[in-house]
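I have placed the structure first, in the form of structure tokens, so that the comments after it can refer back to it.
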Amino acid sequence: MTSSLDHAAARLFPDDPEHHGVLPPLLVVLTFVTGLVDAVSYLGLDHVFVANMTGNVVFLGFALAGYAQLSATASLLAGGAFVAGAWAGGRLAPRVADRVRLFAVLVAAHAALVAAALVTSVAVDVDHVLIALLALGMGLQNAVVHRIAVPDLTTTVLTRTLTALASDRPGPATLRRSLSVAAMFAGALTGGLLQLDHGTPAALAPALALLTVVALAAALAPRTRR
């Protein structure tokens with residue numbers, strides 16, 4: 001698996017394939033997971049985002065303005081849980097010198113939170129609990145992505161990616177930017193189809209599976225200190 005990830009990383013960063021190790025292709029997978037999770041939260045949980053905080057802040061404004069189909073409580077809960085997850089990830093990061101190990105630990109924690117959300121969605125119907133669990137996990141994911149700082153692969157924000165894709169000359173970054181956009185779209189489409197046709201557990205199951213695979217792949221990869 002590591003050799004395949006190294007090959008994929010070399011395609012994404014041909015100028016310096018070893019600098020980021022196995023992380024670039026794993027970040028593309030996390031971008032797909034973001035689409036899945038936001039499909040669950042928007043289509044199944046009070047029309048709120050748990051990963052895209054720009055949209056969530058705008059939704060909060062709309063809700064406070066009186067738009068009945070949006071919930072200010074849900075938006076505040078998602079934002080608060082996301083910040084809590086990011087804070088927790090930020091406090092842990094300085095204690096782990098190896099960024100691949102840090103990535104593995106926080107993605108594993110994210111997987112555990114999605115697992116808890118999946119179990120909760122099967123056992124009881126409590127939207128606010130699901131929002132809190134999913135947003136907390138996405139906060140952890142964003143904290144580690146921010147810390148490892150792999151260019152063009154933020155996993156949640158596409159505005160700057162699309163801007164760079166349109167405004168910069170084609171080059172080595174074009175592929176990874178295009179893959180980031182495609183992965184988010186594919187995740188949202190897949191999550192939307194699963195959520196609308198089969199419900200929240202069906203949409204969360206592949207997110208949990210992918211997070212688990214990503215965490216294991218990072219845990220088994222060679223350590224690189226930065």
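Just remember, in the structure tokens the first chain shown is A, the second B, etc., residues are 1-based per chain, and ligands are 1-based in the order shown.
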
For range 138-190 of chain A versus range 2-22 of chain A, which residues have an atom no more than 8 Å away, and what is each residue's nearest atom pair and distance in Å rounded to one decimal, using only C-alpha atoms, chain-then-number order, as JSON lines?
```
{"residue": "A:Val150", "atom": "CA", "partner": "A:His20", "partner_atom": "CA", "distance": 7.1}
{"residue": "A:Pro172", "atom": "CA", "partner": "A:Phe13", "partner_atom": "CA", "distance": 6.8}
{"residue": "A:Ala173", "atom": "CA", "partner": "A:Leu12", "partner_atom": "CA", "distance": 7.4}
{"residue": "A:Leu175", "atom": "CA", "partner": "A:Leu12", "partner_atom": "CA", "distance": 6.6}
{"residue": "A:Arg176", "atom": "CA", "partner": "A:Leu12", "partner_atom": "CA", "distance": 5.6}
```

Notebook entry, point to check: If we count only C-alpha atoms, what is near Trp87 in chain A at a cut-off of 8 Å, once residues fewer than 2 positions away on the same chain are taken out, given as a VMD selection string?
Noted result: chain A and resid 83 to 85 89 to 91 139 to 140 143

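The shell of residues at most 9 Å from Val40 in chain A, with only C-alpha atoms counted and near chain neighbours (fewer than 2 positions) removed, consists of Gly35, Leu36, Val37, Asp38, Tyr42, Leu43, Gly44, Leu45, Phe49, Ala188, Gly191, Gly192, Leu194, Gln195, Gly199, Thr200, Ala203 and Leu204 of chain A.
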
Checklist line | Expected answer as a ChimeraX atom specification: alpha helix (DSSP H) residues in range 5-226 of chain A | finding: /A:5-12,23-44,53-64,72-92,99-123,127-148,159-167,172-198,200-220

Check: Looking at only C-alpha atoms, which of A:Ala132, A:Asn56, A:Leu210, A:Phe103 is the one that sits closest to Thr120 in chain A?
Finding: A:Ala132
